[in-house]
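Enquirer: Compact mmCIF, C-alpha atoms, saved as input.txt, coming up:
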# COMPACT_ATOMS: atom_id res chain seq x y z
CA MET R 10 -20.95 -17.20 -8.68
CA SER R 11 -20.50 -14.43 -11.26
CA PHE R 12 -19.62 -10.77 -10.75
CA GLN R 13 -17.83 -7.85 -12.39
CA ALA R 14 -14.05 -7.44 -12.21
CA ALA R 15 -11.40 -5.29 -13.85
CA VAL R 16 -9.20 -7.64 -15.90
CA LEU R 17 -5.74 -6.74 -17.19
CA ARG R 18 -5.18 -8.78 -20.36
CA SER R 19 -1.95 -7.27 -21.69
CA TYR R 20 0.92 -5.30 -20.21
CA GLU R 21 0.26 -2.34 -22.53
CA GLY R 22 -3.52 -2.50 -22.86
CA PRO R 23 -6.32 -1.02 -20.75
CA PHE R 24 -8.24 -2.80 -18.02
CA THR R 25 -11.48 -4.34 -19.24
CA VAL R 26 -14.43 -4.63 -16.88
CA GLU R 27 -15.88 -8.09 -17.45
CA GLU R 28 -18.14 -10.71 -15.95
CA VAL R 29 -15.96 -13.28 -14.16
CA ASN R 30 -16.79 -16.53 -12.41
CA LEU R 31 -15.63 -17.77 -9.02
CA ALA R 32 -15.41 -21.55 -9.18
CA THR R 33 -15.11 -22.44 -5.50
CA GLU R 34 -16.65 -21.82 -2.10
CA PRO R 35 -14.53 -20.65 0.86
CA ALA R 36 -12.39 -23.46 2.19
CA GLU R 37 -11.53 -23.87 5.86
CA GLY R 38 -9.81 -20.71 7.02
CA GLU R 39 -11.13 -18.63 4.10
CA ILE R 40 -13.80 -15.95 3.77
CA LEU R 41 -15.71 -14.47 0.85
CA VAL R 42 -15.88 -10.68 0.99
CA GLU R 43 -18.19 -8.40 -0.97
CA ILE R 44 -15.83 -5.59 -1.92
CA ALA R 45 -17.04 -2.10 -1.02
CA GLY R 46 -13.87 -0.34 -2.17
CA CYS R 47 -10.35 -1.10 -3.32
CA GLY R 48 -7.45 1.32 -3.46
CA MET R 49 -5.24 1.49 -6.54
CA CYS R 50 -1.59 1.12 -5.56
CA ARG R 51 1.58 1.70 -7.56
CA THR R 52 2.36 -1.98 -7.01
CA ASP R 53 -0.75 -2.88 -9.02
CA LEU R 54 0.37 -0.69 -11.89
CA ALA R 55 3.95 -2.01 -11.71
CA VAL R 56 2.65 -5.29 -13.16
CA ARG R 57 2.74 -3.51 -16.52
CA ARG R 58 6.53 -3.22 -16.19
CA SER R 59 7.14 -6.76 -14.95
CA ALA R 60 8.50 -7.96 -18.32
CA GLY R 61 6.29 -11.04 -18.34
CA ARG R 62 7.05 -12.16 -14.78
CA SER R 63 3.43 -11.60 -13.72
CA PRO R 64 0.97 -13.91 -15.46
CA LEU R 65 -1.84 -12.35 -17.49
CA PRO R 66 -4.78 -12.13 -17.86
CA ALA R 67 -5.20 -11.22 -14.22
CA VAL R 68 -7.43 -9.53 -11.68
CA LEU R 69 -5.31 -7.12 -9.66
CA GLY R 70 -6.14 -5.01 -6.60
CA HIS R 71 -4.73 -5.52 -3.11
CA GLU R 72 -6.20 -2.72 -0.96
CA GLY R 73 -9.69 -4.15 -0.61
CA SER R 74 -12.30 -3.64 2.07
CA GLY R 75 -15.87 -4.81 2.42
CA VAL R 76 -18.33 -7.10 4.17
CA VAL R 77 -17.97 -10.84 4.77
CA VAL R 78 -20.77 -12.79 3.06
CA ARG R 79 -19.54 -16.40 3.56
CA THR R 80 -16.96 -18.24 5.62
CA GLY R 81 -15.35 -21.62 5.31
CA GLY R 82 -15.26 -22.14 9.05
CA GLY R 83 -12.38 -23.65 10.93
CA SER R 84 -10.65 -22.72 14.17
CA ASP R 85 -8.61 -19.98 12.45
CA THR R 86 -11.68 -18.17 11.11
CA ALA R 87 -12.65 -15.82 13.94
CA ILE R 88 -14.34 -13.50 11.43
CA GLY R 89 -18.02 -14.07 10.73
CA VAL R 90 -20.67 -13.24 8.16
CA GLY R 91 -21.60 -9.57 8.30
CA ASP R 92 -18.26 -8.42 9.69
CA HIS R 93 -16.67 -5.37 8.05
CA VAL R 94 -13.06 -6.07 7.14
CA VAL R 95 -9.94 -4.50 5.66
CA LEU R 96 -7.83 -6.88 3.56
CA SER R 97 -4.05 -6.80 3.79
CA PHE R 98 -1.18 -8.98 2.54
CA ASP R 99 -1.25 -12.72 3.15
CA SER R 100 1.19 -14.71 5.28
CA CYS R 101 1.53 -18.33 6.36
CA GLY R 102 1.37 -17.74 10.12
CA HIS R 103 3.77 -20.51 11.07
CA CYS R 104 7.23 -19.72 9.66
CA ARG R 105 9.91 -18.23 11.90
CA ASN R 106 9.23 -14.64 10.86
CA CYS R 107 5.45 -14.95 11.18
CA ARG R 108 5.87 -16.38 14.67
CA ALA R 109 8.18 -13.46 15.47
CA ALA R 110 5.40 -10.96 14.61
CA ALA R 111 7.03 -10.08 11.27
CA PRO R 112 4.47 -11.39 8.74
CA ALA R 113 5.68 -8.99 6.01
CA TYR R 114 8.85 -11.11 5.88
CA CYS R 115 7.00 -14.43 5.73
CA ASP R 116 9.02 -17.21 4.12
CA SER R 117 6.09 -17.81 1.75
CA PHE R 118 5.36 -14.14 0.99
CA ALA R 119 6.02 -14.45 -2.76
CA SER R 120 4.00 -17.60 -3.30
CA LEU R 121 1.07 -16.35 -1.22
CA ASN R 122 0.90 -12.83 -2.61
CA LEU R 123 2.19 -12.86 -6.17
CA PHE R 124 -0.61 -14.88 -7.79
CA GLY R 125 0.13 -17.72 -5.41
CA GLY R 126 -1.28 -21.15 -6.06
CA ARG R 127 -2.19 -20.75 -9.71
CA ALA R 128 0.00 -23.64 -10.88
CA GLU R 129 -0.88 -25.98 -8.04
CA GLU R 130 -4.66 -25.58 -7.94
CA ALA R 131 -7.61 -25.62 -10.30
CA PRO R 132 -8.44 -22.09 -11.50
CA ARG R 133 -10.47 -20.11 -8.99
CA LEU R 134 -11.36 -17.25 -11.33
CA THR R 135 -12.38 -17.69 -14.96
CA ASP R 136 -13.71 -15.31 -17.58
CA ALA R 137 -16.99 -15.68 -19.46
CA SER R 138 -15.39 -18.16 -21.89
CA GLY R 139 -14.06 -20.33 -19.06
CA ALA R 140 -10.41 -19.28 -19.48
CA ALA R 141 -8.40 -19.03 -16.28
CA LEU R 142 -7.54 -15.66 -14.74
CA ALA R 143 -4.60 -15.24 -12.41
CA PRO R 144 -6.19 -14.86 -8.94
CA ARG R 145 -5.25 -13.88 -5.41
CA TRP R 146 -3.00 -10.93 -6.18
CA PHE R 147 -1.58 -10.19 -2.70
CA GLY R 148 -4.06 -12.76 -1.44
CA GLN R 149 -7.00 -10.71 -2.77
CA SER R 150 -7.52 -9.74 -6.43
CA ALA R 151 -9.92 -7.07 -5.16
CA PHE R 152 -10.56 -5.03 -8.34
CA ALA R 153 -13.80 -6.97 -8.33
CA GLY R 154 -17.22 -7.32 -6.79
CA TYR R 155 -16.03 -10.12 -4.50
CA ALA R 156 -12.74 -11.52 -3.20
CA LEU R 157 -12.04 -14.95 -1.75
CA VAL R 158 -9.27 -14.53 0.82
CA SER R 159 -7.56 -16.18 3.74
CA ALA R 160 -9.06 -15.03 7.01
CA ARG R 161 -5.47 -14.37 8.13
CA ASN R 162 -5.21 -11.34 5.84
CA ALA R 163 -8.51 -9.79 6.93
CA VAL R 164 -8.82 -7.35 9.83
CA ARG R 165 -12.21 -6.70 11.43
CA VAL R 166 -13.12 -3.01 11.73
CA ASP R 167 -15.89 -0.99 13.35
CA PRO R 168 -19.02 -1.16 11.13
CA ALA R 169 -19.65 2.53 11.87
CA LEU R 170 -16.57 3.42 9.78
CA PRO R 171 -16.87 4.16 6.01
CA VAL R 172 -15.74 0.71 4.94
CA GLU R 173 -15.46 1.66 1.25
CA LEU R 174 -12.60 4.06 2.10
CA LEU R 175 -10.59 1.80 4.40
CA GLY R 176 -8.87 -0.50 1.90
CA PRO R 177 -5.66 1.57 1.52
CA LEU R 178 -5.04 1.03 5.24
CA GLY R 179 -4.14 -2.53 4.25
CA CYS R 180 -1.10 -1.56 2.17
CA GLY R 181 -0.16 1.97 1.06
CA PHE R 182 -1.13 3.88 4.19
CA LEU R 183 -0.04 0.95 6.36
CA THR R 184 3.41 1.00 4.73
CA GLY R 185 4.06 4.71 5.29
CA ALA R 186 2.59 4.89 8.77
CA GLY R 187 4.19 1.60 9.81
CA ALA R 188 7.65 2.74 8.75
CA VAL R 189 7.36 5.72 11.11
CA LEU R 190 5.55 4.03 13.99
CA ASN R 191 7.06 0.53 13.84
CA THR R 192 10.42 0.60 12.07
CA PHE R 193 11.57 3.98 13.37
CA ALA R 194 9.38 4.06 16.50
CA ALA R 195 9.51 7.83 16.06
CA GLY R 196 8.24 10.02 18.87
CA PRO R 197 8.50 13.50 20.37
CA GLY R 198 11.86 15.08 19.61
CA ASP R 199 12.57 12.82 16.62
CA THR R 200 12.89 14.10 13.05
CA VAL R 201 11.89 12.25 9.89
CA VAL R 202 12.67 13.18 6.28
CA VAL R 203 10.11 11.79 3.82
CA LEU R 204 11.20 11.55 0.19
CA GLY R 205 8.10 11.61 -2.01
CA ALA R 206 4.72 12.97 -0.95
CA GLY R 207 2.52 10.34 -2.54
CA ALA R 208 0.17 8.03 -0.67
CA VAL R 209 2.93 6.23 1.26
CA GLY R 210 4.90 9.41 1.97
CA LEU R 211 1.90 11.43 3.12
CA ALA R 212 0.81 8.58 5.40
CA ALA R 213 4.31 8.72 6.90
CA VAL R 214 3.96 12.48 7.41
CA MET R 215 0.59 12.06 9.14
CA ALA R 216 1.97 9.29 11.36
CA ALA R 217 5.00 11.40 12.30
CA THR R 218 2.75 14.29 13.29
CA ALA R 219 0.47 11.97 15.27
CA ALA R 220 3.53 10.60 17.09
CA GLY R 221 4.81 14.08 17.96
CA ALA R 222 7.79 13.92 15.59
CA LEU R 223 8.92 16.64 13.20
CA SER R 224 8.90 15.74 9.50
CA VAL R 225 10.33 17.28 6.33
CA ALA R 226 8.58 16.33 3.07
CA VAL R 227 10.54 16.41 -0.21
CA ASP R 228 8.64 16.35 -3.50
CA ARG R 229 8.49 18.00 -6.93
CA HIS R 230 4.70 18.60 -6.96
CA PRO R 231 3.68 21.87 -5.25
CA ARG R 232 0.17 20.58 -4.51
CA ARG R 233 1.51 17.52 -2.72
CA LEU R 234 3.96 19.61 -0.74
CA ALA R 235 1.05 21.86 0.25
CA LEU R 236 -0.83 18.78 1.50
CA ALA R 237 2.22 17.62 3.43
CA GLU R 238 2.47 21.04 5.06
CA GLN R 239 -1.20 20.87 6.05
CA PHE R 240 -0.45 17.52 7.71
CA GLY R 241 2.37 19.04 9.76
CA ALA R 242 5.49 18.64 7.59
CA LEU R 243 8.06 21.24 6.62
CA PRO R 244 8.01 21.31 2.78
CA LEU R 245 11.17 21.13 0.68
CA PRO R 246 10.84 21.23 -3.13
CA VAL R 247 13.03 18.92 -5.22
CA GLY R 248 15.64 21.12 -6.86
CA THR R 249 16.35 23.17 -3.75
CA SER R 250 20.06 23.98 -3.68
CA ALA R 251 22.16 22.14 -1.08
CA PRO R 252 19.18 20.04 0.14
CA ALA R 253 21.14 18.11 2.79
CA GLU R 254 22.35 21.34 4.36
CA ARG R 255 18.82 22.76 4.21
CA ILE R 256 17.41 19.67 5.94
CA ARG R 257 20.05 19.89 8.67
CA ARG R 258 19.03 23.49 9.31
CA LEU R 259 15.32 22.65 9.33
CA THR R 260 15.83 19.77 11.75
CA GLY R 261 18.30 21.44 14.09
CA GLY R 262 21.39 19.49 13.12
CA GLY R 263 20.09 16.62 11.01
CA ALA R 264 17.30 14.07 10.89
CA GLN R 265 17.34 10.83 12.85
CA TYR R 266 15.30 9.00 10.21
CA ALA R 267 14.57 9.21 6.51
CA LEU R 268 12.02 7.30 4.45
CA ASP R 269 12.42 6.99 0.70
CA THR R 270 9.39 6.28 -1.51
CA THR R 271 11.01 7.44 -4.77
CA ALA R 272 13.90 5.04 -5.57
CA SER R 273 15.83 8.16 -6.66
CA ALA R 274 19.55 7.63 -6.04
CA PRO R 275 20.35 11.37 -5.85
CA LEU R 276 17.60 11.96 -3.29
CA ILE R 277 18.65 8.94 -1.23
CA ASN R 278 22.25 10.18 -1.11
CA GLU R 279 21.12 13.67 -0.08
CA ALA R 280 18.94 12.20 2.66
CA LEU R 281 21.85 10.10 3.94
CA ARG R 282 24.02 13.22 4.12
CA ALA R 283 21.22 14.95 6.08
CA LEU R 284 21.07 12.24 8.76
CA ARG R 285 22.48 12.67 12.23
CA PRO R 286 25.17 10.21 13.39
CA THR R 287 23.54 6.77 13.86
CA GLY R 288 20.59 7.90 11.71
CA THR R 289 18.72 5.41 9.52
CA ILE R 290 17.14 5.61 6.08
CA GLY R 291 14.44 3.13 5.16
CA LEU R 292 13.65 2.24 1.54
CA VAL R 293 10.15 1.19 0.54
CA ALA R 294 10.25 1.87 -3.21
CA ARG R 295 11.44 -0.97 -5.42
CA LEU R 296 14.89 -0.35 -6.87
CA HIS R 297 15.19 -1.28 -10.55
CA THR R 298 18.88 -0.42 -10.92
CA ALA R 299 21.97 -0.47 -8.74
CA LEU R 300 22.00 2.13 -5.97
CA PRO R 301 25.32 4.02 -6.02
CA LEU R 302 26.15 5.42 -2.57
CA GLU R 303 28.42 8.43 -2.57
CA PRO R 304 31.53 8.50 -0.34
CA GLY R 305 30.82 9.48 3.23
CA THR R 306 27.06 8.90 3.13
CA LEU R 307 27.25 5.86 5.45
CA ASP R 308 29.84 7.31 7.82
CA ARG R 309 29.30 7.87 11.54
CA GLY R 310 26.99 4.95 12.19
CA ARG R 311 24.39 5.81 9.57
CA GLY R 312 22.43 2.82 8.30
CA ILE R 313 20.22 1.83 5.36
CA ARG R 314 17.57 -0.89 5.22
CA HIS R 315 14.60 -2.04 3.20
CA ILE R 316 11.14 -1.88 4.82
CA CYS R 317 8.35 -4.18 3.67
CA GLU R 318 4.72 -3.34 4.45
CA GLY R 319 5.74 -0.94 7.22
CA ASP R 320 7.00 -3.83 9.39
CA ALA R 321 3.33 -4.11 10.32
CA VAL R 322 1.18 -6.72 11.94
CA PRO R 323 -2.01 -5.62 10.13
CA GLY R 324 -4.30 -6.75 12.95
CA LEU R 325 -2.55 -4.33 15.29
CA LEU R 326 -1.71 -1.36 13.06
CA ILE R 327 -4.97 -1.05 11.11
CA PRO R 328 -7.12 -0.64 14.26
CA LEU R 329 -4.61 1.92 15.56
CA LEU R 330 -4.84 3.92 12.33
CA THR R 331 -8.65 3.89 12.39
CA ARG R 332 -8.61 5.14 15.97
CA LEU R 333 -6.21 7.92 15.00
CA TRP R 334 -8.52 8.81 12.09
CA GLN R 335 -11.53 8.95 14.41
CA ALA R 336 -9.54 11.28 16.66
CA GLY R 337 -8.71 13.55 13.70
CA ARG R 338 -5.00 12.68 13.85
CA PHE R 339 -4.63 10.56 10.70
CA PRO R 340 -6.89 12.16 8.03
CA PHE R 341 -6.18 9.67 5.27
CA ASP R 342 -9.59 10.25 3.70
CA ARG R 343 -8.33 13.60 2.42
CA LEU R 344 -6.01 11.73 0.04
CA ILE R 345 -8.78 9.63 -1.54
CA ARG R 346 -10.85 10.13 -4.68
CA THR R 347 -13.40 7.45 -5.49
CA TYR R 348 -14.22 6.00 -8.92
CA PRO R 349 -16.77 3.40 -10.02
CA LEU R 350 -15.05 0.18 -11.07
CA ALA R 351 -16.13 0.93 -14.65
CA ASP R 352 -13.83 3.98 -14.56
CA VAL R 353 -10.71 1.98 -13.64
CA ASN R 354 -8.75 3.29 -16.63
CA GLU R 355 -9.58 6.89 -15.76
CA ALA R 356 -8.39 6.21 -12.21
CA GLU R 357 -5.10 4.84 -13.55
CA ARG R 358 -4.59 7.85 -15.84
CA ASP R 359 -5.29 10.28 -12.99
CA CYS R 360 -2.90 8.38 -10.73
CA ASP R 361 -0.13 8.41 -13.35
CA ALA R 362 -0.67 12.13 -13.98
CA GLY R 363 -0.47 12.98 -10.28
CA LEU R 364 -4.05 14.32 -10.28
CA VAL R 365 -5.05 12.08 -7.39
CA VAL R 366 -3.02 10.71 -4.49
CA LYS R 367 -5.06 7.57 -3.81
CA PRO R 368 -7.77 6.36 -6.22
CA VAL R 369 -10.30 4.01 -4.67
CA LEU R 370 -12.48 1.87 -6.94
CA LEU R 371 -16.09 1.20 -5.88
CA PRO R 372 -17.34 -2.04 -7.48
CA GLN R 373 -20.97 -1.39 -6.56
CA ALA R 374 -21.10 2.22 -7.84
CA ARG R 375 -22.47 3.28 -11.22
CA SER R 376 -20.29 5.08 -13.74
CA ARG R 377 -20.80 8.82 -14.01
Could I get this structure in the form of structure tokens?
Expert:
Amino acid sequence: MSFQAAVLRSYEGPFTVEEVNLATEPAEGEILVEIAGCGMCRTDLAVRRSAGRSPLPAVLGHEGSGVVVRTGGGSDTAIGVGDHVVLSFDSCGHCRNCRAAAPAYCDSFASLNLFGGRAEEAPRLTDASGAALAPRWFGQSAFAGYALVSARNAVRVDPALPVELLGPLGCGFLTGAGAVLNTFAAGPGDTVVVLGAGAVGLAAVMAATAAGALSVAVDRHPRRLALAEQFGALPLPVGTSAPAERIRRLTGGGAQYALDTTASAPLINEALRALRPTGTIGLVARLHTALPLEPGTLDRGRGIRHICEGDAVPGLLIPLLTRLWQAGRFPFDRLIRTYPLADVNEAERDCDAGLVVKPVLLPQARSR
């Protein structure tokens, strides 16, 4: 079958919206999804800085959502034609971590999610000339009209929900909310410092408020701090003098948890200093250089760890987040601006410029 997709052909060049061909039907345990919407995540755009480690040309996109149009059957495919689904990261389901309800730490995470299978299988996606395109980015490649995915990384959702807006629940919003609800298990009386009020950080703020925890949001963009405040956080601009001391005052003696989405070493050190004894900071942003920790920042039982995909089991967390949204307690839709797939480069520019928190591409929509 043929359909439109946004193809990245060079690390410096724009996306090109092209006709692509899918060369295979769903195999056992797979489903074909007509994509209603796909969020644009910083991880997609980071491919440009991968120094050749990510194969191009490629179809990116890993926050897809839509409607199942075909299935390959099999005992593992409990999802049927017509079901509305949110797509998340892929996992094998049988390694030690998957069996321990930690699929984000699957032994096969890299091979399944970072263009997995391209070398071992015949090309699934080809362009109009028949040349292979790297497929299955995070098990999806959902900057496209359709995505062929493992049923394992699809979560059925209520068809009454606006399916075109739900894709970011599969990664960005899942990561921020999961860090607060799963990793920290924050609740009433807890305090959470969130470094960076982008999509992941604001999802963490909303989750903290929904859980009854107090949050402090740190960012350099006044508009994003204003959003964080609307979602229940105490705002703290980057550049505030003595930020650790200010956080300790705001939180009544220090925060129990901190979540970093910035990879900024100075901010991470300030957050560590602002933690209470035995407090924990979780890192979700990818570090590209060594992280120098200043003396004393890890004293008194403080800890630091990396968090992948919010420590989430998508089939459990995504339904919880949709229920919170329906109850008015997780208003993620306020972070979204939609773009037709044809406007993918405009969406990227707006994302880079901080004009939009979460762009969502609509493959079926016409360009303005």
Enquirer: May I ask for the distance between CA of Ala274 (chain R) and CA of Glu303 (chain R), given in Å to one decimal place?
Expert: 9.6 Å
Enquirer: What lies within 8 Å of region 39-42 of chain R using all atoms listed in the file, ignoring chain neighbours under 4 positions off, as number ranges by chain?
Expert: R: 34-35, 74-82, 86, 155-160
Enquirer: Could you take the residues named above and write them with C-alpha atoms, as a short mmCIF file (atom, residue, chain, number, x, y, z; two decimals), in the frame of the given file?
Expert:
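New file result02.cif:
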data_model
loop_
_atom_site.label_atom_id
_atom_site.label_comp_id
_atom_site.auth_asym_id
_atom_site.auth_seq_id
_atom_site.Cartn_x
_atom_site.Cartn_y
_atom_site.Cartn_z
CA GLU R 34 -16.65 -21.82 -2.10
CA PRO R 35 -14.53 -20.65 0.86
CA SER R 74 -12.30 -3.64 2.07
CA GLY R 75 -15.87 -4.81 2.42
CA VAL R 76 -18.33 -7.10 4.17
CA VAL R 77 -17.97 -10.84 4.77
CA VAL R 78 -20.77 -12.79 3.06
CA ARG R 79 -19.54 -16.40 3.56
CA THR R 80 -16.96 -18.24 5.62
CA GLY R 81 -15.35 -21.62 5.31
CA GLY R 82 -15.26 -22.14 9.05
CA THR R 86 -11.68 -18.17 11.11
CA TYR R 155 -16.03 -10.12 -4.50
CA ALA R 156 -12.74 -11.52 -3.20
CA LEU R 157 -12.04 -14.95 -1.75
CA VAL R 158 -9.27 -14.53 0.82
CA SER R 159 -7.56 -16.18 3.74
CA ALA R 160 -9.06 -15.03 7.01
#
Enquirer: Kindly give the distance, in Å, that separates CA of Asp352 (chain R) and CA of Arg295 (chain R), rounded to a single decimal.
Expert: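 That distance, rounded to one decimal, is 27.3 Å.
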Enquirer: Separation of CA of Ala336 (chain R) and CA of Val95 (chain R), in Å?
Expert: 19.2 Å
Enquirer: Write out as a PyMOL selection string the residues lying within 6 Å of region 132-141 of chain R, counting only C-alpha atoms and excluding same-chain residues fewer than 3 positions away.
Expert: chain R and resi 29-32
Enquirer: Using all atoms listed in the file, can you tell me which of R:Glu173, R:Glu27, R:Asp116, R:Asp167 comes closest to Glu72 (chain R)?
Expert: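 Using all atoms listed in the file, the shortest distance to Glu72 (chain R) belongs to R:Glu173.
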Enquirer: Just want the 10 Å neighbourhood of Tyr348 (chain R), counted on all atoms listed in the file, with same-chain residues fewer than 3 positions away dropped. Output as a list in words.
Expert: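 Near neighbours after the sequence-gap exclusion: Gly46, Cys47, Gly48, Ile345, Ala351, Asp352, Val353, Asn354, Glu355, Ala356, Pro368, Val369, Leu370, Leu371, Pro372, Ala374, Arg375, Ser376 and Arg377 of chain R.
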Enquirer: With distances taken over only C-alpha atoms, which of R:Leu243, R:Ala111, R:Ala283, R:Met215 is nearest to Glu318 (chain R)?
Expert: R:Ala111
